[in-house]
>>> print(open('start.cif').read())   # mmCIF, C-alpha atoms
data_coords
#
loop_
_atom_site.label_atom_id
_atom_site.label_comp_id
_atom_site.auth_asym_id
_atom_site.auth_seq_id
_atom_site.Cartn_x
_atom_site.Cartn_y
_atom_site.Cartn_z
CA MET A 49 24.94 2.34 7.77
CA GLY A 50 23.14 4.34 5.08
CA ASN A 51 23.34 8.05 4.32
CA THR A 52 22.88 10.01 7.52
CA ALA A 53 21.19 13.43 7.55
CA VAL A 54 21.71 16.04 10.25
CA ALA A 55 19.42 19.07 9.93
CA PHE A 56 19.61 22.05 12.26
CA ASN A 57 18.93 25.25 10.26
CA ASN A 58 15.14 25.29 10.59
CA VAL A 59 13.74 27.81 8.10
CA ILE A 60 10.37 27.72 9.90
CA LYS A 61 11.83 29.51 12.91
CA PHE A 62 12.72 32.73 11.09
CA ALA A 63 10.22 32.72 8.19
CA THR A 64 6.72 34.07 7.88
CA ILE A 65 4.32 31.17 8.40
CA THR A 66 0.61 31.13 7.66
CA ALA A 67 -2.01 28.40 7.98
CA GLY A 68 -5.29 27.63 6.28
CA SER A 69 -6.89 27.00 9.67
CA ALA A 70 -5.87 27.53 13.29
CA GLU A 71 -7.49 27.57 16.71
CA VAL A 72 -7.22 30.99 18.35
CA ASN A 73 -5.15 29.71 21.28
CA LEU A 74 -3.08 27.31 19.16
CA PRO A 75 -1.85 29.49 16.26
CA ILE A 76 0.55 28.51 13.51
CA GLU A 77 3.27 30.66 15.13
CA ASN A 78 3.55 27.95 17.80
CA LEU A 79 5.60 25.97 15.29
CA GLN A 80 8.35 28.55 15.82
CA ASN A 81 8.86 27.41 19.41
CA ASP A 82 10.83 24.33 20.42
CA LEU A 83 8.29 22.65 22.68
CA GLY A 84 6.82 19.27 21.78
CA ALA A 85 3.67 19.55 23.88
CA ALA A 86 0.23 19.30 22.26
CA SER A 87 -0.83 22.27 24.42
CA ALA A 88 1.79 24.46 22.71
CA ALA A 89 1.19 23.26 19.14
CA TRP A 90 -0.45 24.47 15.96
CA GLN A 91 -3.94 23.03 15.81
CA THR A 92 -6.59 23.37 13.13
CA MET A 93 -10.13 24.31 14.03
CA ALA A 94 -12.59 21.57 14.93
CA GLY A 95 -13.57 19.51 11.91
CA VAL A 96 -10.54 20.54 9.80
CA ARG A 97 -8.60 17.38 8.95
CA ALA A 98 -7.86 17.80 5.22
CA SER A 99 -5.78 20.27 3.23
CA ALA A 100 -8.78 21.31 1.14
CA ALA A 101 -10.48 22.49 4.33
CA GLY A 102 -7.42 24.30 5.69
CA ALA A 103 -5.05 21.66 7.12
CA TYR A 104 -1.96 23.17 5.53
CA PHE A 105 0.63 25.82 6.22
CA THR A 106 3.02 27.92 4.15
CA VAL A 107 6.61 28.81 5.06
CA THR A 108 7.86 32.00 3.38
CA PRO A 109 11.41 33.13 4.24
CA ILE A 110 12.78 36.56 3.37
CA GLY A 111 14.55 35.22 0.27
CA PRO A 112 15.28 31.96 -1.55
CA GLN A 113 16.41 29.15 0.73
CA THR A 114 17.96 25.71 0.39
CA TRP A 115 15.58 22.89 1.35
CA ARG A 116 16.09 19.16 1.70
CA CYS A 117 14.60 17.63 4.89
CA PHE A 118 11.15 18.03 6.41
CA CYS A 119 9.35 16.64 9.43
CA LEU A 120 6.18 16.96 11.46
CA CYS A 121 6.69 15.51 14.94
CA ARG A 122 4.63 14.55 18.00
CA THR A 123 1.46 14.93 15.97
CA ASN A 124 -1.98 13.41 16.49
CA LEU A 125 -1.97 12.13 12.90
CA THR A 126 -3.14 8.60 12.16
CA ALA A 127 -1.38 5.96 10.09
CA ALA A 128 -3.70 6.85 7.19
CA ALA A 129 -2.56 10.50 7.10
CA VAL A 130 -0.85 11.82 3.97
CA VAL A 131 1.63 14.70 4.33
CA THR A 132 2.67 16.42 1.10
CA VAL A 133 5.53 18.91 0.82
CA SER A 134 5.76 21.29 -2.15
CA LEU A 135 8.41 23.89 -2.96
CA TYR A 136 7.68 26.88 -5.19
CA ASN A 137 9.38 29.86 -6.76
CA ASN A 138 7.41 33.08 -6.83
CA PRO A 139 4.69 33.42 -7.70
CA SER A 140 3.63 29.78 -8.20
CA THR A 141 6.25 27.80 -10.13
CA LEU A 142 6.51 24.29 -8.71
CA VAL A 143 10.12 23.28 -7.94
CA TYR A 144 9.55 20.02 -6.06
CA THR A 145 6.79 17.96 -4.49
CA GLY A 146 7.05 14.84 -2.36
CA THR A 147 5.11 12.76 0.14
CA ALA A 148 6.45 12.20 3.64
CA SER A 149 6.74 8.80 5.26
CA ALA A 150 3.65 7.25 6.78
CA VAL A 151 2.99 8.03 10.44
CA VAL A 152 3.73 5.02 12.65
CA PRO A 153 1.36 4.55 15.63
CA GLY A 154 3.15 5.50 18.82
CA TYR A 155 5.70 7.67 17.00
CA GLY A 156 3.49 10.42 15.58
CA GLN A 157 5.93 11.76 13.02
CA ALA A 158 6.12 12.13 9.25
CA ILE A 159 9.61 12.44 7.75
CA LEU A 160 10.76 13.41 4.26
CA ASP A 161 14.18 13.61 2.66
CA ALA A 162 13.88 15.20 -0.79
CA GLY A 163 16.92 13.31 -2.08
CA GLN A 164 18.87 16.45 -2.99
CA ASP A 165 19.05 20.16 -2.25
CA TYR A 166 16.43 22.42 -3.81
CA VAL A 167 16.49 26.21 -3.82
CA ALA A 168 13.02 27.73 -3.65
CA ASP A 169 11.17 30.82 -2.45
CA TYR A 170 8.59 29.12 -0.24
CA CYS A 171 7.27 25.81 1.02
CA VAL A 172 3.73 24.47 1.45
CA ILE A 173 3.02 21.49 3.72
CA GLU A 174 -0.41 19.90 3.31
CA ILE A 175 -2.03 17.34 5.60
CA ASP A 176 -4.87 14.99 4.72
CA ASP A 177 -6.15 12.86 7.59
CA PRO A 178 -9.94 12.73 7.12
CA GLY A 179 -10.37 9.76 9.46
CA ASN A 180 -8.63 11.40 12.41
CA PRO A 181 -10.80 10.62 15.46
CA GLY A 182 -9.82 13.86 17.18
CA GLY A 183 -11.58 15.89 14.51
CA PHE A 184 -8.60 18.22 14.05
CA VAL A 185 -4.88 18.24 13.25
CA ASN A 186 -2.39 18.96 16.04
CA VAL A 187 1.30 19.52 15.18
CA PRO A 188 3.66 20.61 17.97
CA LEU A 189 6.97 20.42 16.09
CA ALA A 190 8.07 20.88 12.48
CA TYR A 191 11.28 21.22 10.49
CA ALA A 192 11.81 22.45 6.94
CA GLY A 193 15.19 23.39 5.57
CA PRO A 194 18.67 22.25 4.55
CA ALA A 195 20.56 19.24 5.88
CA TRP A 196 24.13 18.09 6.30
CA LEU A 197 24.82 14.61 4.95
CA PRO A 198 28.27 13.73 6.30
CA ARG A 199 30.50 12.29 3.61
CA VAL A 200 31.01 9.30 5.91
CA PRO A 201 27.73 8.47 7.69
CA MET A 202 27.27 7.64 11.37
CA ALA A 203 29.34 4.69 12.55
CA TRP A 204 28.14 1.24 13.59
CA ALA A 205 29.16 2.11 17.16
CA SER A 206 26.15 4.44 17.31
CA THR A 207 23.36 3.31 19.64
CA PHE A 208 19.66 4.00 20.15
CA GLY A 209 17.06 3.43 22.86
CA ARG A 210 14.73 5.32 25.18
CA ASN A 211 15.13 7.55 28.19
CA ARG A 212 12.12 7.16 30.48
CA LYS A 213 10.65 7.91 33.87
CA THR A 214 8.36 5.42 35.62
CA ASP A 215 7.10 5.58 39.19
CA ASP A 216 7.21 1.99 40.42
CA PHE A 217 5.28 1.29 43.64
CA ARG A 218 5.74 -2.12 45.22
CA THR A 219 3.61 -3.60 48.01
CA ILE A 220 4.76 -5.65 50.98
CA GLY A 221 3.51 -8.72 49.12
CA GLY A 222 5.74 -7.91 46.16
CA GLN A 223 3.05 -6.70 43.75
CA ARG A 224 4.24 -3.89 41.48
CA TYR A 225 2.23 -0.93 40.20
CA PRO A 226 4.33 0.94 37.61
CA THR A 227 3.06 4.33 36.47
CA PRO A 228 4.76 5.56 33.28
CA ARG A 229 5.47 9.30 33.36
CA TRP A 230 7.38 9.98 30.15
CA SER A 231 9.43 8.22 27.50
CA ALA A 232 11.75 9.88 24.98
CA ARG A 233 13.59 8.14 22.15
CA SER A 234 17.32 8.79 22.12
CA ARG A 235 20.46 8.12 20.09
CA GLN A 236 24.17 8.26 20.63
CA VAL A 237 25.61 9.34 17.28
CA VAL A 238 29.22 8.50 16.47
CA LEU A 239 30.79 10.22 13.48
CA ASP A 240 34.13 8.52 12.94
CA TRP A 241 35.32 10.47 9.92
CA ILE A 242 34.43 14.14 9.46
CA GLU A 243 36.50 15.66 6.68
CA GLY A 244 38.16 19.05 6.90
CA ASP A 245 35.70 20.92 4.69
CA GLU A 246 32.80 19.72 6.85
CA ILE A 247 34.21 20.66 10.20
CA TRP A 248 33.28 24.35 10.59
CA ALA A 249 30.27 24.94 8.39
CA GLU A 250 28.58 21.71 9.53
CA ALA A 251 29.92 19.91 12.61
CA GLY A 252 31.33 23.03 14.22
CA GLU A 253 28.12 24.95 13.64
CA LEU A 254 26.00 22.15 15.11
CA ASP A 255 28.35 22.08 18.11
CA ARG A 256 28.01 25.86 18.50
CA ILE A 257 24.23 25.97 18.47
CA SER A 258 23.68 22.77 20.44
CA GLY A 259 23.83 24.66 23.72
CA LEU A 260 21.15 27.16 22.72
CA GLY A 261 18.27 24.75 23.38
CA GLY A 262 16.93 24.45 19.84
CA ASN A 263 16.03 21.22 18.09
CA ALA A 264 17.88 19.29 15.42
CA LEU A 265 16.70 16.47 13.16
CA ILE A 266 18.73 13.27 12.90
CA ILE A 267 17.84 10.76 10.18
CA PRO A 268 20.23 7.78 10.51
CA ASN A 269 19.52 6.52 7.00
CA VAL A 270 17.56 8.69 4.58
CA GLN A 271 16.77 5.64 2.41
CA SER A 272 15.47 3.44 5.21
CA ALA A 273 12.03 1.85 4.94
CA THR A 274 11.53 2.56 8.66
CA ILE A 275 12.55 6.23 8.57
CA SER A 276 9.51 7.25 10.69
CA ASN A 277 10.72 5.00 13.51
CA GLU A 278 14.38 5.95 13.27
CA ALA A 279 14.41 9.74 12.91
CA ILE A 280 14.60 11.91 16.03
CA PHE A 281 13.85 15.62 16.33
CA GLY A 282 15.16 17.00 19.60
CA ILE A 283 17.98 18.46 21.65
CA ILE A 284 21.63 17.70 20.91
CA GLU A 285 23.94 16.96 23.84
CA VAL A 286 27.67 16.83 23.14
CA VAL A 287 29.31 13.67 24.50
CA THR A 288 32.91 14.23 23.42
CA ALA A 289 34.81 17.18 22.02
CA ILE A 290 35.71 17.01 18.35
CA SER A 291 39.01 15.15 18.02
CA TYR A 292 41.51 14.34 15.31
CA GLN A 293 41.29 10.94 13.67
CA ALA A 294 44.06 8.58 12.67
CA GLY A 295 46.72 11.28 12.79
CA TYR A 296 45.25 13.38 9.96
CA ALA A 297 44.84 17.12 10.44
CA ASP A 298 41.76 17.32 8.21
CA CYS A 299 39.86 14.26 9.54
CA HIS A 300 37.95 14.34 12.81
CA ARG A 301 35.84 12.22 15.15
CA TRP A 302 32.83 13.38 17.19
CA GLN A 303 30.15 11.82 19.37
CA PHE A 304 26.92 13.46 20.45
CA GLY A 305 23.55 12.40 21.79
CA ILE A 306 20.06 13.45 20.81
CA GLU A 307 16.85 13.05 22.79
CA GLU A 308 13.36 13.41 21.35
CA ARG A 309 11.77 16.73 22.33
CA LEU A 310 8.66 16.20 24.42
#
>>> encode(input="start.cif", output="structure tokens")
Amino acid sequence: MGNTAVAFNNVIKFATITAGSAEVNLPIENLQNDLGAASAAWQTMAGVRASAAGAYFTVTPIGPQTWRCFCLCRTNLTAAAVVTVSLYNNPSTLVYTGTASAVVPGYGQAILDAGQDYVADYCVIEIDDPGNPGGFVNVPLAYAGPAWLPRVPMAWASTFGRNRKTDDFRTIGGQRYPTPRWSARSRQVVLDWIEGDEIWAEAGELDRISGLGGNALIIPNVQSATISNEAIFGIIEVVTAISYQAGYADCHRWQFGIEERL
């Protein structure tokens, strides 16, 4: 397993955020909620599908922040969309710029790991999707902020799949008429070796906030070529309490699940 990233301190939620374009009933502030519905998203005005026209937003926290991982999830972006993330120090000194992963049809998310921590005053996320057939950009969920990369990544015992609901009507003759209702990607994350200096600031903090209903971002392998398929942004559900591992007081084991936020 490659380097796993777990991100849960979303700077977007407590920062000032502004957009180059927004529909009146779908403002940029909608990115500060935890819902993944298109009806509760940030959406640009009709015809705005490129950053030059206003398909961008700026995240400005109260003071300098640590940034590493970024995502736009459950979007209407096409596979040709380009999402660019830039970090600046005031007033306009570029600290970092990078391009997120391509959006995979059926997944609707662009993911970026910057490769290291950067400290910067604000973040600008630009979207260019001029061929989008909807004629606008719709982004229900976003993350920008720091990440925890456990010293020992998620174990091979970790699993992934989908949770789904389908109404399945069957006739007397045996014919079936399934009606899909919803489908959410999910993972069971096993961390076999959490070291003592990671337990409270990272694992313990994720455990504490997991019951508050907010979203976390799990990237199983930040170097994977299929990062857009693998990453999940959603609700954490604790499976087992944090335990001790192999008889060592400063090494721990923990298992939790995550389900994509719809």
>>> residues_near_point(input="start.cif", point="(8.1, 25.4, 16.9)", cutoff="8 Å", atoms="all atoms listed in the file", output="PyMOL selection string")
chain A and resi 60-61+77-84+89+188-190
>>> resolve_selection(input="start.cif", expression="the PyMOL selection byres ((chain A and resi 245-262) around 12)", output="PyMOL selection string")
chain A and resi 53-58+61+80-84+189+191+194-200+239+241-244+263-266+281-292+297-309
>>> residues_around(input="start.cif", residues="A:Thr145", least_positions_apart="5", cutoff="8 Å", atoms="all atoms listed in the file", output="count of residues only")
4
>>> resolve_selection(input="start.cif", expression="the PyMOL selection byres ((chain A and resi 123) around 8)", output="MDAnalysis selection string")
chainID A and resid 86 120:122 124:125 156:157 185:189
>>> closest_residue(input="start.cif", among="A:Pro181, A:Gly68, A:Gly222, A:Pro268", to="A:Ala129", atoms="all atoms listed in the file")
A:Pro181
>>> atom_distance(input="start.cif", atom1="atom CA of A:Ala63", atom2="atom CA of A:Thr108")
5.4 Å
>>> atom_distance(input="start.cif", atom1="atom CA of A:Leu160", atom2="atom CA of A:Ala94")
26.9 Å
>>> closest_residue(input="start.cif", among="A:Ala148, A:Ala85, A:Val238, A:Leu74", to="A:Cys117", atoms="all atoms listed in the file")
A:Ala148
>>> atom_distance(input="start.cif", atom1="atom CA of A:Pro201", atom2="atom CA of A:Thr114")
21.1 Å
>>> residues_near_point(input="start.cif", point="(15.0, 3.8, 10.2)", cutoff="12 Å", atoms="all atoms listed in the file", output="MDAnalysis selection string")
chainID A and resid 49:53 149 152 159 208 266:280
>>> closest_residue(input="start.cif", among="A:Tyr170, A:Phe118, A:Tyr155, A:Trp90", to="A:Thr141", atoms="only C-alpha atoms")
A:Tyr170
>>> closest_residue(input="start.cif", among="A:Asn73, A:Gln164, A:Asn180, A:Asn137", to="A:Ala98", atoms="only C-alpha atoms")
A:Asn180
>>> closest_residue(input="start.cif", among="A:Cys119, A:Cys171, A:Ala127, A:Ala88", to="A:Tyr104", atoms="only C-alpha atoms")
A:Cys171
>>> closest_residue(input="start.cif", among="A:Thr214, A:Thr219, A:Gln113, A:Asn138", to="A:Gly193", atoms="all atoms listed in the file")
A:Gln113
>>> resolve_selection(input="start.cif", expression="the PyMOL selection byres ((chain A and resi 92) around 6)", output="PyMOL selection string")
chain A and resi 69-71+91+93+96+184-185
>>> decode(input="start.cif", residues="stretch 68-203 of chain A", atoms="C-alpha atoms", output="JSON list (two decimals), in the first residue's frame")
[["chain", "number", "residue", "atom", "x", "y", "z"],
["A", 68, "GLY", "CA", -15.84, 34.84, -9.52],
["A", 69, "SER", "CA", -19.38, 33.77, -10.42],
["A", 70, "ALA", "CA", -22.33, 32.28, -8.53],
["A", 71, "GLU", "CA", -26.03, 31.75, -9.06],
["A", 72, "VAL", "CA", -28.10, 33.68, -6.52],
["A", 73, "ASN", "CA", -29.65, 30.54, -5.00],
["A", 74, "LEU", "CA", -26.43, 28.50, -5.21],
["A", 75, "PRO", "CA", -23.80, 30.77, -3.60],
["A", 76, "ILE", "CA", -20.19, 29.94, -2.87],
["A", 77, "GLU", "CA", -21.01, 29.72, 0.86],
["A", 78, "ASN", "CA", -22.73, 26.40, 0.09],
["A", 79, "LEU", "CA", -19.26, 24.85, 0.03],
["A", 80, "GLN", "CA", -19.19, 25.38, 3.79],
["A", 81, "ASN", "CA", -21.96, 22.84, 4.31],
["A", 82, "ASP", "CA", -21.44, 19.08, 4.30],
["A", 83, "LEU", "CA", -24.12, 18.07, 1.80],
["A", 84, "GLY", "CA", -23.20, 16.45, -1.50],
["A", 85, "ALA", "CA", -26.38, 17.33, -3.37],
["A", 86, "ALA", "CA", -26.24, 19.40, -6.57],
["A", 87, "SER", "CA", -29.21, 21.40, -5.23],
["A", 88, "ALA", "CA", -27.09, 22.56, -2.26],
["A", 89, "ALA", "CA", -23.89, 23.29, -4.19],
["A", 90, "TRP", "CA", -21.93, 26.26, -5.46],
["A", 91, "GLN", "CA", -22.89, 26.84, -9.07],
["A", 92, "THR", "CA", -21.60, 29.41, -11.54],
["A", 93, "MET", "CA", -24.00, 31.48, -13.59],
["A", 94, "ALA", "CA", -25.21, 30.11, -16.92],
["A", 95, "GLY", "CA", -22.47, 30.14, -19.53],
["A", 96, "VAL", "CA", -19.60, 30.35, -16.99],
["A", 97, "ARG", "CA", -17.42, 27.27, -17.48],
["A", 98, "ALA", "CA", -13.88, 28.71, -17.45],
["A", 99, "SER", "CA", -11.79, 30.45, -14.82],
["A", 100, "ALA", "CA", -11.31, 33.51, -17.02],
["A", 101, "ALA", "CA", -15.09, 33.99, -17.00],
["A", 102, "GLY", "CA", -15.47, 33.45, -13.25],
["A", 103, "ALA", "CA", -15.26, 29.69, -12.60],
["A", 104, "TYR", "CA", -12.93, 30.03, -9.63],
["A", 105, "PHE", "CA", -13.08, 30.64, -5.92],
["A", 106, "THR", "CA", -10.71, 31.98, -3.26],
["A", 107, "VAL", "CA", -10.30, 30.62, 0.28],
["A", 108, "THR", "CA", -8.96, 33.20, 2.74],
["A", 109, "PRO", "CA", -8.56, 32.09, 6.38],
["A", 110, "ILE", "CA", -7.95, 34.48, 9.25],
["A", 111, "GLY", "CA", -4.20, 33.80, 9.21],
["A", 112, "PRO", "CA", -1.61, 31.60, 7.51],
["A", 113, "GLN", "CA", -2.62, 27.95, 7.26],
["A", 114, "THR", "CA", -0.99, 24.64, 6.42],
["A", 115, "TRP", "CA", -2.21, 23.16, 3.13],
["A", 116, "ARG", "CA", -1.55, 19.84, 1.45],
["A", 117, "CYS", "CA", -4.67, 18.09, 0.07],
["A", 118, "PHE", "CA", -7.48, 19.43, -2.09],
["A", 119, "CYS", "CA", -10.60, 18.01, -3.66],
["A", 120, "LEU", "CA", -13.74, 18.97, -5.54],
["A", 121, "CYS", "CA", -16.35, 16.22, -5.24],
["A", 122, "ARG", "CA", -19.70, 15.24, -6.76],
["A", 123, "THR", "CA", -19.22, 17.83, -9.46],
["A", 124, "ASN", "CA", -20.72, 18.06, -12.94],
["A", 125, "LEU", "CA", -17.24, 18.44, -14.44],
["A", 126, "THR", "CA", -16.32, 16.50, -17.56],
["A", 127, "ALA", "CA", -13.22, 14.39, -18.15],
["A", 128, "ALA", "CA", -11.72, 17.33, -20.07],
["A", 129, "ALA", "CA", -11.95, 19.70, -17.09],
["A", 130, "VAL", "CA", -8.75, 21.16, -15.65],
["A", 131, "VAL", "CA", -8.69, 22.12, -11.96],
["A", 132, "THR", "CA", -5.74, 24.26, -10.83],
["A", 133, "VAL", "CA", -4.88, 24.97, -7.20],
["A", 134, "SER", "CA", -2.62, 27.91, -6.28],
["A", 135, "LEU", "CA", -1.39, 29.03, -2.87],
["A", 136, "TYR", "CA", -0.30, 32.60, -2.19],
["A", 137, "ASN", "CA", 1.17, 34.76, 0.54],
["A", 138, "ASN", "CA", -0.23, 38.27, 0.83],
["A", 139, "PRO", "CA", -0.59, 40.16, -1.31],
["A", 140, "SER", "CA", 0.19, 37.98, -4.35],
["A", 141, "THR", "CA", 3.37, 35.94, -3.84],
["A", 142, "LEU", "CA", 2.93, 32.49, -5.36],
["A", 143, "VAL", "CA", 3.87, 29.69, -2.94],
["A", 144, "TYR", "CA", 2.64, 26.65, -4.86],
["A", 145, "THR", "CA", 0.57, 25.72, -7.90],
["A", 146, "GLY", "CA", -0.59, 22.29, -9.04],
["A", 147, "THR", "CA", -3.15, 20.58, -11.23],
["A", 148, "ALA", "CA", -5.64, 18.14, -9.75],
["A", 149, "SER", "CA", -6.28, 14.68, -11.14],
["A", 150, "ALA", "CA", -8.54, 14.33, -14.15],
["A", 151, "VAL", "CA", -12.24, 13.82, -13.43],
["A", 152, "VAL", "CA", -13.30, 10.23, -14.12],
["A", 153, "PRO", "CA", -16.80, 9.82, -15.62],
["A", 154, "GLY", "CA", -19.15, 8.47, -12.98],
["A", 155, "TYR", "CA", -16.96, 9.69, -10.10],
["A", 156, "GLY", "CA", -17.13, 13.46, -10.55],
["A", 157, "GLN", "CA", -14.16, 14.37, -8.41],
["A", 158, "ALA", "CA", -10.79, 16.04, -8.85],
["A", 159, "ILE", "CA", -8.13, 15.23, -6.24],
["A", 160, "LEU", "CA", -4.75, 16.81, -5.53],
["A", 161, "ASP", "CA", -2.01, 15.98, -3.06],
["A", 162, "ALA", "CA", 0.63, 18.73, -3.11],
["A", 163, "GLY", "CA", 3.38, 16.31, -2.08],
["A", 164, "GLN", "CA", 4.31, 18.22, 1.07],
["A", 165, "ASP", "CA", 2.95, 20.77, 3.52],
["A", 166, "TYR", "CA", 2.85, 24.41, 2.42],
["A", 167, "VAL", "CA", 2.09, 27.38, 4.66],
["A", 168, "ALA", "CA", 0.25, 30.15, 2.83],
["A", 169, "ASP", "CA", -2.19, 32.99, 3.42],
["A", 170, "TYR", "CA", -4.83, 32.01, 0.88],
["A", 171, "CYS", "CA", -5.79, 29.52, -1.80],
["A", 172, "VAL", "CA", -7.30, 29.97, -5.27],
["A", 173, "ILE", "CA", -9.00, 27.07, -7.07],
["A", 174, "GLU", "CA", -9.65, 27.59, -10.78],
["A", 175, "ILE", "CA", -11.81, 25.44, -13.05],
["A", 176, "ASP", "CA", -11.66, 25.27, -16.83],
["A", 177, "ASP", "CA", -14.29, 23.07, -18.45],
["A", 178, "PRO", "CA", -15.34, 24.95, -21.61],
["A", 179, "GLY", "CA", -17.00, 21.89, -23.17],
["A", 180, "ASN", "CA", -19.29, 21.21, -20.21],
["A", 181, "PRO", "CA", -22.71, 20.43, -21.73],
["A", 182, "GLY", "CA", -24.54, 21.85, -18.71],
["A", 183, "GLY", "CA", -23.27, 25.33, -19.50],
["A", 184, "PHE", "CA", -22.16, 25.94, -15.90],
["A", 185, "VAL", "CA", -19.97, 24.51, -13.13],
["A", 186, "ASN", "CA", -21.64, 22.80, -10.15],
["A", 187, "VAL", "CA", -19.53, 21.84, -7.12],
["A", 188, "PRO", "CA", -21.32, 20.49, -4.02],
["A", 189, "LEU", "CA", -18.29, 19.51, -1.93],
["A", 190, "ALA", "CA", -14.72, 20.77, -1.57],
["A", 191, "TYR", "CA", -11.74, 20.30, 0.73],
["A", 192, "ALA", "CA", -8.61, 22.40, 1.10],
["A", 193, "GLY", "CA", -6.24, 22.09, 4.01],
["A", 194, "PRO", "CA", -3.72, 19.94, 5.87],
["A", 195, "ALA", "CA", -3.53, 16.15, 5.91],
["A", 196, "TRP", "CA", -2.26, 13.40, 8.15],
["A", 197, "LEU", "CA", -0.07, 10.85, 6.39],
["A", 198, "PRO", "CA", 0.27, 7.99, 8.89],
["A", 199, "ARG", "CA", 3.86, 6.86, 9.23],
["A", 200, "VAL", "CA", 2.63, 3.35, 8.41],
["A", 201, "PRO", "CA", -0.10, 3.55, 5.72],
["A", 202, "MET", "CA", -3.39, 1.67, 5.67],
["A", 203, "ALA", "CA", -3.02, -2.10, 5.85]]
